[in-house]
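Content type compact mmCIF, C-alpha atoms, from the file my_file24.txt:
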```
# COMPACT_ATOMS: atom_id res chain seq x y z
CA MET A 157 39.31 12.03 -71.05
CA VAL A 158 39.63 11.94 -67.23
CA SER A 159 40.29 15.33 -65.63
CA GLU A 160 43.41 15.94 -63.56
CA LYS A 161 41.28 16.37 -60.42
CA THR A 162 39.50 13.06 -60.99
CA ALA A 163 42.76 11.27 -61.79
CA GLY A 164 44.30 12.60 -58.57
CA ALA A 165 41.30 11.40 -56.52
CA LEU A 166 41.39 7.97 -58.15
CA GLY A 167 45.10 7.67 -57.46
CA VAL A 168 44.69 8.44 -53.75
CA VAL A 169 41.57 6.34 -53.22
CA GLY A 170 42.97 3.41 -55.19
CA SER A 171 46.11 3.48 -53.05
CA VAL A 172 44.52 4.08 -49.67
CA VAL A 173 41.90 1.31 -49.94
CA PRO A 174 44.40 -1.60 -49.80
CA ALA A 175 46.26 0.26 -47.04
CA ILE A 176 43.04 0.50 -45.03
CA ALA A 177 42.29 -3.20 -45.58
CA GLY A 178 45.81 -4.07 -44.45
CA VAL A 179 45.51 -1.84 -41.37
CA VAL A 180 42.21 -3.42 -40.31
CA ALA A 181 43.46 -6.99 -40.77
CA SER A 182 46.78 -6.26 -39.04
CA ALA A 183 45.06 -4.55 -36.11
CA MET A 184 42.71 -7.51 -35.63
CA LEU A 185 45.64 -9.94 -35.75
CA LEU A 186 47.60 -7.81 -33.27
CA VAL A 187 44.73 -7.99 -30.79
CA ASP A 188 44.68 -11.79 -31.05
CA TYR A 189 48.46 -12.06 -30.72
CA VAL A 190 48.43 -10.00 -27.52
CA ARG A 191 45.21 -11.18 -25.84
CA PRO A 192 45.36 -14.45 -23.86
CA ALA A 193 42.49 -15.82 -25.96
CA PRO A 194 41.55 -14.80 -29.50
CA VAL A 195 38.84 -12.22 -30.13
CA PHE A 196 38.62 -12.37 -33.91
CA CYS A 197 40.32 -15.62 -34.93
CA VAL A 198 39.21 -19.17 -34.17
CA GLU A 199 41.33 -21.02 -31.62
CA GLY A 200 42.94 -24.02 -33.26
CA GLY A 201 42.47 -22.65 -36.78
CA GLY A 202 44.88 -21.21 -39.30
CA CYS A 203 45.51 -18.08 -37.21
CA ASP A 204 46.51 -20.22 -34.24
CA ALA A 205 48.81 -22.40 -36.37
CA LEU A 206 50.67 -19.39 -37.76
CA ARG A 207 50.86 -17.72 -34.38
CA HIS A 208 52.92 -20.67 -33.13
CA THR A 209 55.48 -20.59 -35.93
CA THR A 210 58.99 -19.17 -35.49
CA ILE A 211 58.23 -16.09 -37.62
CA ALA A 212 55.27 -15.00 -35.50
CA MET A 213 57.46 -12.96 -33.13
CA PRO A 214 60.50 -11.60 -35.00
CA LEU A 215 62.85 -9.93 -32.51
CA GLY A 216 60.21 -10.59 -29.86
CA VAL A 217 57.71 -8.27 -31.58
CA PRO A 218 54.33 -9.58 -32.80
CA LEU A 219 54.45 -9.84 -36.59
CA PRO A 220 51.09 -8.03 -37.06
CA LEU A 221 52.61 -4.93 -35.45
CA PHE A 222 55.04 -4.67 -38.37
CA GLY A 223 52.10 -4.99 -40.75
CA LEU A 224 50.12 -2.34 -38.91
CA VAL A 225 53.01 0.14 -38.99
CA GLY A 226 53.82 -0.68 -42.60
CA PHE A 227 50.28 -0.22 -43.92
CA LEU A 228 49.87 2.94 -41.84
CA ALA A 229 53.04 4.30 -43.43
CA ILE A 230 51.75 3.45 -46.92
CA GLY A 231 48.46 5.19 -46.16
CA ALA A 232 50.23 8.25 -44.75
CA VAL A 233 52.55 8.81 -47.73
CA THR A 234 49.63 8.24 -50.08
CA LEU A 235 47.90 11.28 -48.63
CA VAL A 236 50.89 13.58 -49.07
CA ARG A 237 51.45 15.25 -52.43
CA GLY A 238 54.71 15.19 -54.32
CA GLU A 239 56.87 12.98 -56.47
CA ARG A 240 59.03 11.85 -53.55
CA MET A 241 56.01 10.67 -51.59
CA ARG A 242 54.80 8.63 -54.55
CA ILE A 243 58.23 7.01 -54.87
CA ALA A 244 58.23 6.34 -51.12
CA GLN A 245 54.78 4.79 -51.44
CA LEU A 246 56.06 2.49 -54.19
CA GLY A 247 59.08 1.47 -52.10
CA LEU A 248 56.99 0.69 -49.01
CA SER A 249 54.45 -1.16 -51.13
CA LEU A 250 57.17 -3.31 -52.69
CA VAL A 251 58.32 -4.37 -49.22
CA ALA A 252 54.73 -5.05 -48.09
CA GLY A 253 53.97 -7.01 -51.26
CA LEU A 254 57.09 -9.18 -51.06
CA VAL A 255 56.46 -9.94 -47.38
CA GLY A 256 52.80 -10.67 -48.13
CA LEU A 257 53.70 -13.04 -50.95
CA SER A 258 56.20 -14.86 -48.71
CA LEU A 259 53.62 -15.28 -45.96
CA LEU A 260 51.02 -16.57 -48.41
CA VAL A 261 53.54 -19.17 -49.61
CA LEU A 262 54.21 -20.12 -45.97
CA GLN A 263 50.50 -20.67 -45.35
CA LEU A 264 50.29 -22.77 -48.48
CA ARG A 265 53.18 -24.94 -47.29
CA LEU A 266 51.65 -25.32 -43.82
CA GLY A 267 48.24 -26.14 -45.28
CA LYS A 268 46.75 -23.64 -42.81
CA PHE A 269 45.18 -20.38 -43.88
CA CYS A 270 44.39 -17.43 -41.62
CA PRO A 271 41.70 -15.27 -43.28
CA PHE A 272 42.99 -12.05 -41.70
CA CYS A 273 46.58 -12.87 -42.67
CA CYS A 274 45.42 -13.51 -46.24
CA VAL A 275 43.68 -10.11 -46.36
CA ALA A 276 46.81 -8.35 -45.05
CA ASP A 277 49.13 -10.24 -47.39
CA ALA A 278 46.91 -9.66 -50.42
CA SER A 279 46.64 -5.97 -49.50
CA GLY A 280 50.42 -5.70 -49.61
CA ILE A 281 50.50 -7.22 -53.10
CA VAL A 282 47.67 -5.00 -54.37
CA SER A 283 49.48 -1.97 -52.91
CA ILE A 284 52.33 -2.52 -55.38
CA PHE A 285 50.05 -2.17 -58.39
CA ALA A 286 48.23 0.80 -56.87
CA ALA A 287 51.51 2.60 -56.12
CA ALA A 288 52.95 1.83 -59.55
CA ALA A 289 49.80 3.15 -61.24
CA ARG A 290 49.94 6.32 -59.14
CA VAL A 291 53.57 6.94 -60.08
CA ARG A 292 52.81 6.37 -63.75
CA PHE A 293 49.44 7.99 -64.25
CA ALA A 294 48.36 10.18 -61.31
CA PRO A 295 49.09 13.93 -61.56
CA ALA A 296 51.62 15.47 -59.19
CA ALA A 297 48.93 17.74 -57.77
CA GLY A 298 47.23 14.78 -56.10
CA ALA A 299 43.65 14.74 -54.81
CA SER A 300 41.49 17.49 -53.40
CA ARG A 301 41.55 18.31 -49.69
CA VAL A 302 38.11 16.74 -49.25
CA VAL A 303 39.30 13.41 -50.63
CA THR A 304 42.58 13.61 -48.69
CA PHE A 305 41.02 14.43 -45.32
CA SER A 306 38.21 11.93 -45.80
CA SER A 307 40.73 9.19 -46.58
CA ALA A 308 42.78 10.17 -43.54
CA GLY A 309 39.68 9.91 -41.34
CA VAL A 310 38.84 6.46 -42.63
CA LEU A 311 42.45 5.36 -42.09
CA VAL A 312 42.38 6.52 -38.45
CA ALA A 313 39.03 4.77 -37.89
CA ALA A 314 40.44 1.61 -39.46
CA ILE A 315 43.13 1.55 -36.78
CA ALA A 316 41.00 2.58 -33.83
CA ALA A 317 37.93 0.39 -34.32
CA PRO A 318 39.55 -3.09 -34.15
CA LEU A 319 42.09 -2.07 -31.50
CA VAL A 320 39.59 -0.42 -29.16
CA GLY A 321 36.89 -3.01 -29.77
CA GLY A 322 39.29 -5.93 -29.58
CA PHE A 323 41.04 -4.93 -26.37
CA ARG A 324 37.77 -4.03 -24.66
CA ALA A 325 36.03 -7.25 -25.69
CA SER A 326 35.67 -10.03 -23.18
CA THR A 327 36.93 -13.31 -24.55
CA VAL A 328 35.92 -15.28 -21.49
CA PRO A 329 32.43 -16.88 -21.64
CA GLY A 330 30.05 -16.40 -18.73
CA VAL A 331 30.23 -20.03 -17.62
CA VAL A 332 34.01 -19.75 -17.32
CA ARG A 333 33.83 -16.46 -15.43
CA ALA A 334 31.30 -18.01 -13.04
CA GLU A 335 33.61 -20.92 -12.24
CA ILE A 336 36.59 -18.60 -11.79
CA ALA A 337 34.53 -16.53 -9.33
CA GLN A 338 33.89 -19.67 -7.24
CA THR A 339 37.55 -20.66 -7.07
CA PRO A 340 39.28 -19.80 -3.78
CA ARG A 341 41.76 -16.93 -3.83
CA GLY A 342 45.25 -18.02 -4.82
CA GLN A 343 44.04 -21.01 -6.81
CA VAL A 344 43.64 -21.53 -10.55
CA THR A 345 40.49 -22.76 -12.27
CA VAL A 346 40.80 -25.60 -14.78
CA LEU A 347 37.49 -26.13 -16.59
CA ASP A 348 37.66 -29.23 -18.78
CA PHE A 349 34.97 -30.06 -21.37
CA VAL A 350 35.43 -33.76 -22.11
CA ASP A 351 34.25 -36.88 -23.87
CA TYR A 352 35.88 -39.93 -22.26
CA GLU A 353 35.85 -41.88 -25.52
CA CYS A 354 37.36 -39.03 -27.55
CA PRO A 355 40.93 -40.07 -28.46
CA PHE A 356 42.20 -36.48 -28.32
CA CYS A 357 40.64 -36.00 -24.87
CA ARG A 358 42.36 -39.16 -23.69
CA MET A 359 45.71 -38.07 -25.14
CA THR A 360 45.45 -34.64 -23.54
CA ASN A 361 44.41 -36.05 -20.17
CA ALA A 362 47.53 -38.23 -20.14
CA GLU A 363 49.57 -35.03 -20.48
CA LEU A 364 47.40 -33.01 -18.08
CA GLU A 365 47.29 -35.35 -15.08
CA PRO A 366 51.03 -35.09 -14.20
CA VAL A 367 50.81 -31.31 -14.47
CA LEU A 368 47.80 -31.20 -12.15
CA GLU A 369 49.54 -33.52 -9.69
CA LYS A 370 52.60 -31.27 -9.71
CA HIS A 371 50.47 -28.28 -8.68
CA LYS A 372 48.10 -30.17 -6.41
CA GLY A 373 46.47 -27.91 -3.85
CA HIS A 374 46.69 -24.86 -6.09
CA ILE A 375 44.22 -25.92 -8.77
CA ARG A 376 40.45 -26.36 -8.79
CA VAL A 377 39.40 -28.79 -11.53
CA ILE A 378 35.87 -28.83 -12.93
CA ARG A 379 34.81 -31.27 -15.63
CA ARG A 380 31.85 -30.76 -17.92
CA GLN A 381 30.44 -33.72 -19.82
CA VAL A 382 30.14 -33.38 -23.60
CA PRO A 383 29.54 -36.93 -24.88
CA LEU A 384 29.56 -36.94 -28.67
CA LYS A 385 27.00 -39.01 -30.59
CA MET A 386 29.78 -40.40 -32.79
CA HIS A 387 31.21 -42.25 -29.78
CA PRO A 388 28.92 -45.17 -28.81
CA HIS A 389 30.08 -45.44 -25.19
CA ALA A 390 30.53 -41.74 -24.46
CA MET A 391 27.11 -41.29 -22.82
CA ASP A 392 27.58 -44.27 -20.48
CA ALA A 393 30.98 -42.88 -19.48
CA ALA A 394 29.50 -39.42 -18.92
CA ARG A 395 26.82 -40.84 -16.65
CA ALA A 396 29.46 -42.79 -14.72
CA ALA A 397 31.53 -39.61 -14.32
CA CYS A 398 28.54 -37.66 -13.01
CA CYS A 399 27.68 -40.35 -10.50
CA GLY A 400 31.29 -40.76 -9.43
CA GLU A 401 31.42 -37.02 -8.78
CA LYS A 402 28.15 -37.11 -6.86
CA LEU A 403 29.39 -39.98 -4.69
CA GLY A 404 32.71 -38.35 -3.86
CA LYS A 405 35.02 -40.12 -6.32
CA GLY A 406 35.01 -37.66 -9.19
CA ASP A 407 38.76 -37.47 -9.82
CA ALA A 408 39.31 -41.20 -9.40
CA MET A 409 36.40 -42.02 -11.71
CA ALA A 410 37.63 -39.55 -14.34
CA HIS A 411 41.13 -41.06 -14.22
CA ALA A 412 39.75 -44.58 -14.61
CA LEU A 413 37.44 -43.63 -17.48
CA PHE A 414 40.30 -41.99 -19.33
CA THR A 415 42.74 -44.86 -18.86
CA VAL A 416 40.73 -48.05 -19.40
CA PRO A 417 40.48 -49.31 -23.01
CA GLU A 418 37.71 -47.56 -24.91
CA GLU A 419 35.79 -50.81 -25.43
CA GLN A 420 35.35 -51.07 -21.65
CA LEU A 421 33.39 -47.83 -21.45
CA THR A 422 30.11 -49.72 -21.63
CA ARG A 423 27.47 -49.55 -18.93
CA GLU A 424 28.78 -52.83 -17.49
CA GLY A 425 32.40 -51.73 -17.80
CA CYS A 426 31.68 -48.43 -16.04
CA GLU A 427 29.92 -50.35 -13.26
CA ASP A 428 33.04 -52.49 -12.83
CA ILE A 429 35.05 -49.28 -12.45
CA ALA A 430 32.60 -47.95 -9.85
CA ARG A 431 32.86 -51.21 -7.92
CA SER A 432 36.67 -51.14 -8.03
CA LEU A 433 36.61 -47.61 -6.61
CA GLY A 434 34.50 -48.75 -3.67
CA LEU A 435 31.37 -46.82 -4.58
CA PRO A 436 28.12 -48.03 -2.97
CA MET A 437 26.54 -49.89 -5.85
CA ASP A 438 22.93 -49.27 -4.88
CA ALA A 439 23.57 -45.53 -4.77
CA TYR A 440 25.54 -45.68 -8.00
CA ARG A 441 22.79 -47.52 -9.87
CA ALA A 442 20.15 -45.19 -8.46
CA CYS A 443 22.18 -42.24 -9.71
CA LEU A 444 22.41 -43.75 -13.20
CA ALA A 445 18.64 -44.24 -13.30
CA ASP A 446 17.90 -40.76 -11.97
CA PRO A 447 16.66 -38.46 -14.79
CA ALA A 448 18.59 -35.66 -13.09
CA THR A 449 21.84 -37.26 -14.26
CA ASP A 450 20.94 -37.00 -17.93
CA SER A 451 19.62 -33.48 -17.29
CA SER A 452 22.97 -32.54 -15.79
CA ILE A 453 24.79 -33.85 -18.87
CA ALA A 454 22.43 -31.94 -21.15
CA ALA A 455 23.14 -28.79 -19.13
CA ASP A 456 26.89 -29.35 -19.51
CA LYS A 457 26.52 -29.68 -23.27
CA ALA A 458 24.44 -26.50 -23.37
CA GLU A 459 27.15 -24.69 -21.40
CA PHE A 460 29.75 -25.92 -23.89
CA GLN A 461 27.73 -24.50 -26.76
CA SER A 462 27.06 -21.21 -24.97
CA ALA A 463 30.81 -20.88 -24.35
CA GLY A 464 31.39 -21.09 -28.10
CA GLY A 465 32.78 -24.62 -27.91
CA TYR A 466 33.40 -26.24 -31.27
CA ALA A 467 35.92 -29.05 -30.64
CA LEU A 468 37.09 -31.41 -27.93
CA PRO A 469 38.94 -31.31 -25.71
CA THR A 470 38.38 -27.70 -24.73
CA ILE A 471 40.19 -26.67 -21.57
CA TRP A 472 40.05 -23.29 -19.87
CA VAL A 473 42.96 -22.49 -17.56
CA ASP A 474 41.48 -19.43 -15.88
CA GLU A 475 41.01 -17.08 -18.86
CA THR A 476 43.18 -19.02 -21.33
CA GLN A 477 41.41 -21.38 -23.72
CA LEU A 478 43.14 -24.47 -25.12
CA VAL A 479 41.36 -26.39 -27.88
CA GLY A 480 42.31 -29.78 -29.28
CA ALA A 481 45.02 -32.23 -28.23
CA GLN A 482 47.60 -30.40 -26.10
CA PRO A 483 51.22 -31.30 -25.32
CA GLY A 484 52.33 -31.29 -21.71
CA ASP A 485 54.62 -28.28 -22.09
CA ARG A 486 51.79 -26.10 -23.38
CA LEU A 487 49.54 -27.14 -20.51
CA GLU A 488 52.38 -26.48 -18.07
CA GLU A 489 52.98 -23.05 -19.59
CA ALA A 490 49.31 -22.07 -19.32
CA LEU A 491 49.18 -23.20 -15.69
CA ASP A 492 52.43 -21.45 -14.79
CA VAL A 493 51.12 -18.16 -16.18
CA ALA A 494 47.80 -18.53 -14.34
CA LEU A 495 49.51 -19.53 -11.10
CA SER A 496 51.86 -16.55 -11.26
CA LYS A 497 48.85 -14.22 -11.66
CA ALA A 498 47.08 -15.94 -8.78
CA GLY A 499 50.14 -15.48 -6.57
CA SER A 500 50.56 -19.22 -5.96
```
Mind turning this structure into structure tokens?
Amino acid sequence: MVSEKTAGALGVVGSVVPAIAGVVASAMLLVDYVRPAPVFCVEGGGCDALRHTTIAMPLGVPLPLFGLVGFLAIGAVTLVRGERMRIAQLGLSLVAGLVGLSLLVLQLRLGKFCPFCCVADASGIVSIFAAAARVRFAPAAGASRVVTFSSAGVLVAAIAAPLVGGFRASTVPGVVRAEIAQTPRGQVTVLDFVDYECPFCRMTNAELEPVLEKHKGHIRVIRRQVPLKMHPHAMDAARAACCGEKLGKGDAMAHALFTVPEEQLTREGCEDIARSLGLPMDAYRACLADPATDSSIAADKAEFQSAGGYALPTIWVDETQLVGAQPGDRLEEALDVALSKAGS
């Protein structure tokens, strides 16, 4: 037979654990909703997909903030003795569980799953069972002061750790910070990691070029070559881009490489582009043959990996990272925000 003291401790601990899990997950999500680039989630993953749905900002408030407050409230009433507090815990848990179940169904329908959202949603559901068990079985006297204060301390730490760590963390890789530092005052840095044969890079460039033209003179564009092995002509195109940049036709070469049919991105096809742009062919061919060109491309790929790159295209607009094919309005929005901060 379990003693009343043990039953009280089990009731509190069993109720506060899902609340703590929900607090941690909600705090991490809140950081990523507020920061310009994610700290905990993966850009372009399930977190990102849910963050861009209509329910992500109810009444203009980040959804994770509601979760954080809700789970904190569940944890707080769990630590207070009395029948009313246990009933309040059950009521709050029912709300958290129903919301969690709804959000899990939404993720299922979207086919995108955010691991932190799943933890928070599951915690809400588990909280119902924990609260119901506490109402039914736990003694009114509750847990000892040691258990209560220890649980309260863990709950406070569960809030503080992800919020403090998340908001203090730098989400901007060193290579990006270095390029931003070289950009003249009042201008915005656009660092573009590309593969000219990548269909998503080509789609995004078609949306990006008009935006760059609109803000011409206020943007510094840097391209880094990341030719993928799966694309047979990507390396030839990357070499052509490097040599075009070296010979003073970087933007024109990039535009041509992005817009010609993919089957023309052969060594011969890239040479035709160089000729059409008026590049000195002897210098162009010498550049292609120079081992420094391939070394430069290898360095670009290493920078992409060091920056945590995992998909193409990856575009940094100052400190904002955009991964995957991007629509023009999203590119415009990122540039507008960066330009407003730069005072342009």
For A:Leu246, list every protein, DNA or RNA residue within 8 Å, evaluated using all atoms listed in the file, and leave out those in the same chain fewer than 6 positions away; present the list as a list of chain:residue names.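 Listing them by chain and then by number gives A:Ile284, A:Ala287, A:Ala288, A:Val291.
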Take atom CA of A:Lys457 and atom CA of A:Gly406 and report the distance between them in Å, one decimal.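 Interatomic distance here is 18.3 Å.
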Polymer residues at most 9 Å from A:Val479, only C-alpha atoms, same-chain spacing of 2 or more positions, as a list in words: Glu199, Gly200, Gly465, Tyr466, Ala467, Leu468, Pro469, Thr470, Ile471, Trp472, Gln477, Ala481 and Gln482 of chain A
A straight line from atom CA of A:Asp446 to atom CA of A:Arg395 spans 10.1 Å
Nearest to A:Ser307, chosen from A:Leu215, A:Val172, A:Ala442, A:Leu254, with all atoms listed in the file counted in the distances: A:Val172
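Minimum atom-to-atom distances from A:Ile429, A:Ala183, A:Ala175, A:Ala390 to A:Ala278 were compared using all atoms listed in the file, and the lowest value belongs to A:Ala175.
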